[in-house]
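*Asks:* Next up, protein-v7.cif (mmCIF, C-alpha atoms and all ligand atoms).
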```cif
data_coords
loop_
_atom_site.label_atom_id
_atom_site.label_comp_id
_atom_site.auth_asym_id
_atom_site.auth_seq_id
_atom_site.Cartn_x
_atom_site.Cartn_y
_atom_site.Cartn_z
CA MET A 1 0.00 0.00 0.00
CA GLN A 2 1.34 3.38 -1.00
CA PHE A 3 -0.74 5.42 1.40
CA PRO A 4 1.60 8.14 2.72
CA LYS A 5 3.54 6.93 5.75
CA ARG A 6 3.38 10.35 7.35
CA LEU A 7 -0.42 10.17 7.34
CA LEU A 8 -0.48 6.69 8.85
CA GLU A 9 1.84 7.86 11.62
CA GLY A 10 -0.27 10.95 12.19
CA TYR A 11 -3.44 8.89 12.34
CA SER A 12 -1.86 6.59 14.85
CA ALA A 13 -0.96 9.58 17.03
CA PHE A 14 -4.51 10.92 16.65
CA ARG A 15 -6.00 7.59 17.78
CA SER A 16 -3.88 7.31 20.86
CA GLY A 17 -4.05 11.01 21.70
CA ARG A 18 -6.85 13.27 20.62
CA LEU A 19 -9.40 10.64 19.70
CA LYS A 20 -8.97 8.98 23.06
CA SER A 21 -9.57 12.18 24.96
CA GLU A 22 -12.43 13.31 22.70
CA GLN A 23 -14.12 10.01 21.91
CA ASP A 24 -17.32 11.01 23.68
CA ARG A 25 -17.53 14.21 21.73
CA TYR A 26 -17.02 12.40 18.42
CA ARG A 27 -19.77 9.94 19.33
CA GLU A 28 -22.14 12.69 20.32
CA LEU A 29 -21.41 14.60 17.10
CA ALA A 30 -22.06 11.46 15.08
CA GLU A 31 -25.42 10.99 16.75
CA THR A 32 -26.66 14.56 16.92
CA GLY A 33 -24.90 16.03 13.90
CA GLN A 34 -22.72 19.07 13.72
CA SER A 35 -23.78 22.56 14.74
CA PRO A 36 -20.75 24.81 14.39
CA GLU A 37 -21.37 28.51 15.02
CA VAL A 38 -18.41 29.70 12.99
CA MET A 39 -17.72 29.31 9.31
CA ILE A 40 -14.20 30.04 8.10
CA ILE A 41 -13.18 30.83 4.56
CA GLY A 42 -9.47 30.16 4.43
CA CYS A 43 -6.66 29.52 1.98
CA CYS A 44 -5.47 26.04 0.93
CA ASP A 45 -2.02 27.05 2.18
CA SER A 46 -0.60 24.28 4.37
CA ARG A 47 0.71 26.81 6.89
CA VAL A 48 -2.67 28.32 7.62
CA SER A 49 -4.87 25.64 9.09
CA PRO A 50 -7.87 27.26 10.83
CA GLU A 51 -8.35 24.33 13.21
CA VAL A 52 -4.76 24.70 14.38
CA ILE A 53 -4.75 28.51 14.61
CA PHE A 54 -8.01 28.61 16.58
CA ASP A 55 -7.32 25.45 18.56
CA ALA A 56 -10.67 24.09 17.44
CA ARG A 57 -12.32 20.91 18.63
CA PRO A 58 -14.24 18.61 16.31
CA GLY A 59 -17.58 20.11 15.29
CA GLU A 60 -16.62 23.70 16.08
CA LEU A 61 -15.58 25.14 12.73
CA PHE A 62 -17.21 24.78 9.33
CA VAL A 63 -14.29 25.39 7.00
CA VAL A 64 -14.04 26.14 3.30
CA ARG A 65 -10.55 26.44 1.90
CA ASN A 66 -9.56 27.52 -1.57
CA VAL A 67 -6.66 29.29 -3.24
CA ALA A 68 -6.34 32.71 -1.56
CA ASN A 69 -9.50 32.46 0.57
CA LEU A 70 -11.82 33.97 -2.03
CA VAL A 71 -15.57 34.08 -2.52
CA PRO A 72 -16.72 34.82 -6.07
CA PRO A 73 -19.61 37.31 -6.31
CA TYR A 74 -23.06 35.72 -6.33
CA GLU A 75 -24.12 34.27 -9.65
CA THR A 76 -26.42 31.47 -10.66
CA GLY A 77 -24.86 30.43 -13.98
CA GLY A 78 -24.96 26.78 -14.93
CA THR A 79 -21.42 25.94 -13.78
CA TYR A 80 -20.21 24.44 -10.51
CA HIS A 81 -20.06 26.70 -7.46
CA GLY A 82 -18.19 25.05 -4.61
CA VAL A 83 -17.94 28.10 -2.38
CA SER A 84 -21.58 29.03 -2.97
CA ALA A 85 -22.67 25.50 -2.11
CA ALA A 86 -20.66 25.63 1.13
CA LEU A 87 -22.14 29.04 1.97
CA GLU A 88 -25.63 27.76 1.28
CA PHE A 89 -25.07 24.81 3.60
CA GLY A 90 -23.27 26.79 6.31
CA VAL A 91 -25.77 29.62 6.38
CA GLY A 92 -28.99 27.90 5.34
CA VAL A 93 -28.68 24.53 7.04
CA LEU A 94 -26.15 24.86 9.85
CA LYS A 95 -27.16 28.46 10.55
CA VAL A 96 -23.68 29.62 11.48
CA LYS A 97 -23.60 32.91 13.37
CA HIS A 98 -20.22 34.11 12.18
CA ILE A 99 -18.34 33.96 8.90
CA VAL A 100 -14.63 34.71 9.10
CA VAL A 101 -12.55 35.37 6.00
CA LEU A 102 -9.03 34.43 7.00
CA GLY A 103 -6.28 35.92 4.85
CA HIS A 104 -2.61 35.34 5.42
CA ALA A 105 0.94 36.52 4.77
CA HIS A 106 2.99 35.08 1.89
CA CYS A 107 -0.11 33.95 -0.01
CA GLY A 108 1.00 32.23 -3.21
CA GLY A 109 -2.27 33.05 -4.97
CA VAL A 110 -1.98 36.76 -4.28
CA LYS A 111 1.69 36.67 -5.27
CA ALA A 112 0.83 34.98 -8.56
CA PHE A 113 -1.65 37.76 -9.32
CA ALA A 114 0.69 40.57 -8.26
CA GLU A 115 3.60 39.20 -10.24
CA GLU A 116 1.46 38.24 -13.21
CA THR A 117 3.08 34.83 -13.17
CA MET A 118 2.77 32.88 -16.39
CA PRO A 119 -0.07 30.33 -16.39
CA ILE A 120 1.22 27.11 -14.88
CA SER A 121 -1.23 24.95 -16.79
CA PRO A 122 -2.99 25.22 -20.14
CA GLY A 123 -6.28 25.64 -18.28
CA ASP A 124 -4.80 28.43 -16.18
CA PHE A 125 -7.27 27.81 -13.39
CA ILE A 126 -5.21 29.87 -10.95
CA GLY A 127 -5.03 32.84 -13.29
CA ARG A 128 -8.77 32.89 -13.80
CA TRP A 129 -9.52 32.28 -10.16
CA MET A 130 -7.14 35.00 -9.01
CA SER A 131 -8.69 37.54 -11.37
CA LEU A 132 -11.29 37.74 -8.57
CA ILE A 133 -8.88 39.95 -6.65
CA ALA A 134 -8.68 42.61 -9.36
CA PRO A 135 -11.03 44.87 -7.31
CA ALA A 136 -8.65 44.49 -4.35
CA ALA A 137 -5.73 45.57 -6.55
CA GLU A 138 -7.73 48.64 -7.54
CA ARG A 139 -8.38 49.38 -3.90
CA VAL A 140 -4.65 49.23 -3.12
CA GLY A 141 -3.78 51.45 -6.08
CA PRO A 142 -0.37 51.82 -7.75
CA ARG A 143 2.70 50.37 -6.07
CA ASP A 144 4.70 53.60 -6.31
CA SER A 145 7.34 53.55 -3.60
CA MET A 146 5.93 50.51 -1.77
CA SER A 147 8.32 47.60 -1.30
CA HIS A 148 7.22 44.37 -2.94
CA ALA A 149 6.54 42.78 0.46
CA GLU A 150 4.44 45.74 1.57
CA TYR A 151 2.49 45.69 -1.67
CA LEU A 152 1.72 41.98 -1.29
CA GLU A 153 0.59 42.45 2.31
CA ARG A 154 -1.71 45.29 1.30
CA MET A 155 -3.13 43.15 -1.49
CA GLU A 156 -3.69 40.22 0.86
CA LYS A 157 -5.56 42.44 3.29
CA ALA A 158 -7.53 44.32 0.63
CA SER A 159 -8.58 40.98 -0.79
CA VAL A 160 -10.11 40.01 2.56
CA VAL A 161 -12.12 43.25 2.52
CA ASN A 162 -13.19 42.58 -1.06
CA THR A 163 -14.25 39.04 -0.19
CA LEU A 164 -16.41 40.38 2.65
CA GLU A 165 -18.12 42.61 0.11
CA ASN A 166 -18.64 39.65 -2.22
CA LEU A 167 -20.35 37.78 0.62
CA LYS A 168 -22.93 40.56 0.70
CA THR A 169 -23.84 39.91 -2.94
CA PHE A 170 -25.55 36.69 -1.81
CA PRO A 171 -29.13 37.93 -1.35
CA ARG A 172 -30.19 35.56 1.43
CA LEU A 173 -26.94 35.96 3.34
CA ASN A 174 -27.05 39.72 2.94
CA LYS A 175 -30.47 39.81 4.58
CA LEU A 176 -29.13 37.83 7.53
CA ILE A 177 -26.12 40.15 7.79
CA GLU A 178 -28.36 43.23 7.74
CA ARG A 179 -30.56 41.73 10.44
CA GLY A 180 -27.49 40.93 12.54
CA ASP A 181 -28.23 37.19 12.47
CA VAL A 182 -24.91 36.52 10.77
CA LYS A 183 -21.80 38.57 11.45
CA VAL A 184 -18.94 38.68 8.98
CA HIS A 185 -15.34 39.26 10.00
CA GLY A 186 -11.96 39.67 8.36
CA ALA A 187 -8.75 38.31 9.84
CA TYR A 188 -5.13 37.99 8.76
CA PHE A 189 -2.56 35.46 9.89
CA GLY A 190 1.13 36.39 9.90
CA VAL A 191 2.78 33.06 9.26
CA ALA A 192 6.28 33.68 10.66
CA LEU A 193 5.24 34.90 14.12
CA GLY A 194 1.81 33.28 14.18
CA GLU A 195 0.30 36.70 14.78
CA LEU A 196 -3.43 37.11 14.15
CA SER A 197 -4.90 40.49 13.19
CA VAL A 198 -8.59 41.28 13.01
CA LEU A 199 -10.22 43.74 10.62
CA ASP A 200 -11.89 46.84 12.00
CA GLN A 201 -14.61 47.16 9.40
CA GLU A 202 -15.19 50.86 10.19
CA THR A 203 -11.64 51.97 9.45
CA GLY A 204 -10.47 49.13 7.20
CA GLU A 205 -7.43 48.60 9.47
CA PHE A 206 -6.23 45.24 10.73
CA TRP A 207 -5.31 45.20 14.41
CA PRO A 208 -3.22 42.52 16.11
CA VAL A 209 -5.12 40.44 18.62
CA LYS A 210 -3.55 41.06 22.00
CA ARG A 211 -2.02 38.04 23.57
CA ALA A 212 -3.59 36.94 26.81
ZN ZN B 1 -2.89 31.72 0.47
#
```
Can the structure in the file be given as structure tokens, please?
Ligand SMILES: [Zn+2]

*Replies:*
Amino acid sequence: MQFPKRLLEGYSAFRSGRLKSEQDRYRELAETGQSPEVMIIGCCDSRVSPEVIFDARPGELFVVRNVANLVPPYETGGTYHGVSAALEFGVGVLKVKHIVVLGHAHCGGVKAFAEETMPISPGDFIGRWMSLIAPAAERVGPRDSMSHAEYLERMEKASVVNTLENLKTFPRLNKLIERGDVKVHGAYFGVALGELSVLDQETGEFWPVKRA
């Protein structure tokens, strides 16, 4: 069997560690179903695992991950809408109370857009997908004297703001947001130091979460 050894080892550690201590909770969740209050829209990036960052237990977070933590604006065209389906389930069925868009430093998707990297496949799925952050690039404006790193960080953060706006293009979700039944939040994870910042939606600034 060619199943990755690292995963088998990890599963073994999970069985003897976390599963043992949380077996009751897993059983209960299996019987009663999940009812997470928080939905996270995060990046596929292997360094930015929401369950790890927020120290989440099973059943606590409903997570959607895609390249660069994006939500396309609402549309009902006849193609496949993975993020929309997850939103529909999270909001309509699970009735989550919070949706957090979690951006992060050193995002490869944002970098690919900023550097106009050549398509890496004939389909250029990344190029098309990342064109969703064009409004964020407009928001940031010209690079001028910004360093490359600063420009990327601004793009990553502006993209979180843009994604929050895209969430509001979903009519049913927007109603819930307006009524205060669902609250949307932006956050940003600095990979190197593990620092989390949260978006102040009034000012558009991200503020570091103070350590306890
Ligand atoms: Zn990323």

*Asks:* For range 50-57 of chain A, please output as number ranges by chain all residues within 10 Å (counting all atoms listed in the file; exclusion window: fewer than 6 positions along the same chain).

*Replies:* A: 18, 22, 25-26, 40-43, 63-65, 102, 189, 194-196

*Asks:* Any idea what's packed within 12 Å of Asp181 in chain A, counting only C-alpha atoms, ignoring anything in its chain fewer than 6 positions away? Could you give it as an MDAnalysis selection string?

*Replies:* chainID A and resid 37 91:92 95:99 172:175

*Asks:* What are the closest atom pairs, with distances in Å to one decimal, for all residues of chain A lying within 8 Å of ligand ZN 1 (chain B)? Consider all atoms listed in the file, order rows by chain and residue number, and present the result as JSON lines.

*Replies:*
```
{"residue": "A:Gly42", "atom": "CA", "partner": "B:ZN1", "partner_atom": "ZN", "distance": 7.8}
{"residue": "A:Cys43", "atom": "CA", "partner": "B:ZN1", "partner_atom": "ZN", "distance": 4.6}
{"residue": "A:Cys44", "atom": "CA", "partner": "B:ZN1", "partner_atom": "ZN", "distance": 6.3}
{"residue": "A:Asp45", "atom": "CA", "partner": "B:ZN1", "partner_atom": "ZN", "distance": 5.0}
{"residue": "A:Val48", "atom": "CA", "partner": "B:ZN1", "partner_atom": "ZN", "distance": 7.9}
{"residue": "A:Val67", "atom": "CA", "partner": "B:ZN1", "partner_atom": "ZN", "distance": 5.8}
{"residue": "A:Ala68", "atom": "CA", "partner": "B:ZN1", "partner_atom": "ZN", "distance": 4.1}
{"residue": "A:Asn69", "atom": "CA", "partner": "B:ZN1", "partner_atom": "ZN", "distance": 6.7}
{"residue": "A:Gly103", "atom": "CA", "partner": "B:ZN1", "partner_atom": "ZN", "distance": 7.0}
{"residue": "A:His104", "atom": "CA", "partner": "B:ZN1", "partner_atom": "ZN", "distance": 6.1}
{"residue": "A:Ala105", "atom": "CA", "partner": "B:ZN1", "partner_atom": "ZN", "distance": 7.5}
{"residue": "A:His106", "atom": "CA", "partner": "B:ZN1", "partner_atom": "ZN", "distance": 6.9}
{"residue": "A:Cys107", "atom": "CA", "partner": "B:ZN1", "partner_atom": "ZN", "distance": 3.6}
{"residue": "A:Gly108", "atom": "CA", "partner": "B:ZN1", "partner_atom": "ZN", "distance": 5.4}
{"residue": "A:Gly109", "atom": "CA", "partner": "B:ZN1", "partner_atom": "ZN", "distance": 5.6}
{"residue": "A:Val110", "atom": "CA", "partner": "B:ZN1", "partner_atom": "ZN", "distance": 7.0}
```

*Asks:* Measuring atom to atom with only C-alpha atoms, identify which of A:Val191, A:Ala134, A:Met146, A:Val182 is nearest to Met39 in chain A.

*Replies:*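 Checking each of A:Val191, A:Ala134, A:Met146, A:Val182 against Met39 in chain A, counting only C-alpha atoms, the winner is A:Val182.
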
*Asks:* I'd like to know which of A:Val209, A:Ala86, A:Ala30, A:Leu193 is closest to Pro58 in chain A, using all atoms listed in the file.

*Replies:*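 Using all atoms listed in the file, the shortest distance to Pro58 in chain A belongs to A:Ala30.
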
*Asks:* Mind giving me the straight-line distance from CA of Gln201 in chain A to CA of Ile177 in chain A in Å, one decimal?

*Replies:* 13.6 Å

*Asks:* In Å, rounded to a single decimal, give me how far CA of Phe89 in chain A is from CA of Thr76 in chain A.

*Replies:*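 So the two atoms, CA of Thr76 in chain A and CA of Phe89 in chain A, lie 15.8 Å apart.
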
*Asks:* Mind pulling up the distance from CA of Val38 in chain A to CA of Gln23 in chain A?

*Replies:*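 Computed distance, CA of Gln23 in chain A to CA of Val38 in chain A, equals 22.0 Å.
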
*Asks:* Between A:Phe3, A:Phe206, A:Phe125, A:Tyr74, which residue has the minimum interatomic distance to Val161 in chain A, considering only C-alpha atoms?

*Replies:* A:Phe206

*Asks:* Of the candidates A:Leu152, A:Leu132, A:Thr203, A:Val101, which shows the shortest atom-to-atom distance to His185 in chain A, using only C-alpha atoms?

*Replies:*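 The answer is A:Val101, which sits nearest to His185 in chain A.
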
*Asks:* Write out as a PyMOL selection string which residues come within 7 Å of range 138-143 of chain A when counting all atoms listed in the file, dropping same-chain ones fewer than 6 positions away.

*Replies:* chain A and resi 151+154-155+158

*Asks:* Compare A:Pro73, A:Gly82, A:Gly127, A:Gly10 by their minimum atom-to-atom distance to Pro171 in chain A, counting all atoms listed in the file, and give me the closest one.

*Replies:* A:Pro73

*Asks:* Which is closest to Glu115 in chain A among A:His148, A:Arg27, A:Arg6, A:Arg47, if we use all atoms listed in the file?

*Replies:*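 Counting all atoms listed in the file, the residue closest to Glu115 in chain A is A:His148.
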
*Asks:* Give the padded box for range 125-142 of chain A as lines of an AutoDock Vina configuration file: axis-aligned, covering all atoms listed in the file, 5 Å on each side, centre and edge lengths in Å to one decimal.

*Replies:*
```
center_x = -5.8
center_y = 39.8
center_z = -8.5
size_x = 20.9
size_y = 34.0
size_z = 20.7
```

*Asks:* List the spatial neighbours of Glu75 in chain A as a list in words - criterion: any atom at most 12 Å away, only C-alpha atoms, same-chain residues fewer than 6 positions off excluded.

*Replies:*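 Result of the neighbour search: His81, Val83, Ser84, Ala85, Asn166, Leu167, Thr169, Phe170 and Pro171 of chain A.
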
*Asks:* May I ask you to restore N, CA and C atoms in range 43-54 of chain A and write the result as a PDB file, in the frame of the given file?

*Replies:*
```
ATOM      1  N   CYS A  43      -7.467  29.883   3.153  1.00  0.00           N
ATOM      2  CA  CYS A  43      -6.660  29.520   1.980  1.00  0.00           C
ATOM      3  C   CYS A  43      -6.232  28.049   2.097  1.00  0.00           C
ATOM      4  N   CYS A  44      -5.963  27.431   0.954  1.00  0.00           N
ATOM      5  CA  CYS A  44      -5.470  26.040   0.930  1.00  0.00           C
ATOM      6  C   CYS A  44      -4.093  25.916   1.578  1.00  0.00           C
ATOM      7  N   ASP A  45      -3.415  27.033   1.715  1.00  0.00           N
ATOM      8  CA  ASP A  45      -2.020  27.050   2.180  1.00  0.00           C
ATOM      9  C   ASP A  45      -1.814  26.147   3.408  1.00  0.00           C
ATOM     10  N   SER A  46      -0.820  25.272   3.312  1.00  0.00           N
ATOM     11  CA  SER A  46      -0.600  24.280   4.370  1.00  0.00           C
ATOM     12  C   SER A  46      -0.137  24.888   5.691  1.00  0.00           C
ATOM     13  N   ARG A  47       0.235  26.165   5.662  1.00  0.00           N
ATOM     14  CA  ARG A  47       0.710  26.810   6.890  1.00  0.00           C
ATOM     15  C   ARG A  47      -0.408  27.498   7.659  1.00  0.00           C
ATOM     16  N   VAL A  48      -1.599  27.509   7.048  1.00  0.00           N
ATOM     17  CA  VAL A  48      -2.670  28.320   7.620  1.00  0.00           C
ATOM     18  C   VAL A  48      -3.904  27.465   7.870  1.00  0.00           C
ATOM     19  N   SER A  49      -3.762  26.535   8.793  1.00  0.00           N
ATOM     20  CA  SER A  49      -4.870  25.640   9.090  1.00  0.00           C
ATOM     21  C   SER A  49      -5.766  26.254  10.177  1.00  0.00           C
ATOM     22  N   PRO A  50      -7.007  26.595   9.846  1.00  0.00           N
ATOM     23  CA  PRO A  50      -7.870  27.260  10.830  1.00  0.00           C
ATOM     24  C   PRO A  50      -8.035  26.462  12.122  1.00  0.00           C
ATOM     25  N   GLU A  51      -8.155  25.135  12.005  1.00  0.00           N
ATOM     26  CA  GLU A  51      -8.350  24.330  13.210  1.00  0.00           C
ATOM     27  C   GLU A  51      -7.151  24.430  14.144  1.00  0.00           C
ATOM     28  N   VAL A  52      -5.969  24.574  13.562  1.00  0.00           N
ATOM     29  CA  VAL A  52      -4.760  24.700  14.380  1.00  0.00           C
ATOM     30  C   VAL A  52      -4.692  26.094  14.993  1.00  0.00           C
ATOM     31  N   ILE A  53      -4.877  27.119  14.148  1.00  0.00           N
ATOM     32  CA  ILE A  53      -4.750  28.510  14.610  1.00  0.00           C
ATOM     33  C   ILE A  53      -5.758  28.814  15.722  1.00  0.00           C
ATOM     34  N   PHE A  54      -6.972  28.294  15.590  1.00  0.00           N
ATOM     35  CA  PHE A  54      -8.010  28.610  16.580  1.00  0.00           C
ATOM     36  C   PHE A  54      -8.206  27.487  17.601  1.00  0.00           C
TER      37      PHE A  54
END
```
